[in-house]
Amino acid sequence: VQLQASGGGLVPAGGSLRLSCEAPGMDFSFSMNRMGWYRQAPGKQRELVANIASNGQTRYADSVKGRFTISRVNAKRTIYLQMNSLNTEDTGVYYCNAARGTIVDLWGQGTLVTVSS
């Protein structure tokens, strides 16, 4: 099973992007997973950006609250990250993750987001 992230790119500060992460090979169990977005900026550790539980409960890093929105469409095996009011500190490689206890821990290949000043 693979996670396929897309939607990254170069955007000016203040702009918006929407990232997508698909899991086309995952069966009905997709809905049971907690899905999330992480990012890694140059020279920094990977950090949680946002996640969404199987019941739809969401969690956000303080730095993106009010600007980013995570969502999921289980029927499409897809999650999204709508990113608004981007700033240069949002630059990094964004990875999607699927997790469920100790059973599932999958990572996508990452998509690069570059915010120019």
# chains A, B, ... in the order shown; residues from 1 in each chain; ligands from 1
>>> residues_around(residues="region 18-31 of chain A", least_positions_apart="3", cutoff="6 Å", atoms="only C-alpha atoms", output="list in words")
Val1, Gln2, Leu3, Gln4, Ala5, Ser6, Gly7, Ser54, Asn74, Arg77, Thr78, Ile79, Tyr80, Leu81, Gln82 and Met83 of chain A
>>> select_by_dssp(residues="chain A", states="helix (DSSP H, G or I)", output="list in words")
Phe28, Ser29, Phe30, Ser31, Met32, Asp62, Ser63, Val64, Asn74, Ala75, Lys76, Thr88, Glu89 and Asp90 of chain A
>>> atom_distance(atom1="CA of Ala98 (chain A)", atom2="CA of Met35 (chain A)")
4.7 Å
>>> residues_around(residues="Gly101 (chain A)", least_positions_apart="5", cutoff="12 Å", atoms="only C-alpha atoms", output="list in words")
Met32, Asn33, Arg34, Met35, Ala53 and Leu106 of chain A
>>> closest_residue(among="A:Val93, A:Val64, A:Ala75, A:Ala13", to="Lys44 (chain A)", atoms="only C-alpha atoms")
A:Val93
>>> atom_distance(atom1="CA of Thr69 (chain A)", atom2="CA of Ala50 (chain A)")
8.0 Å
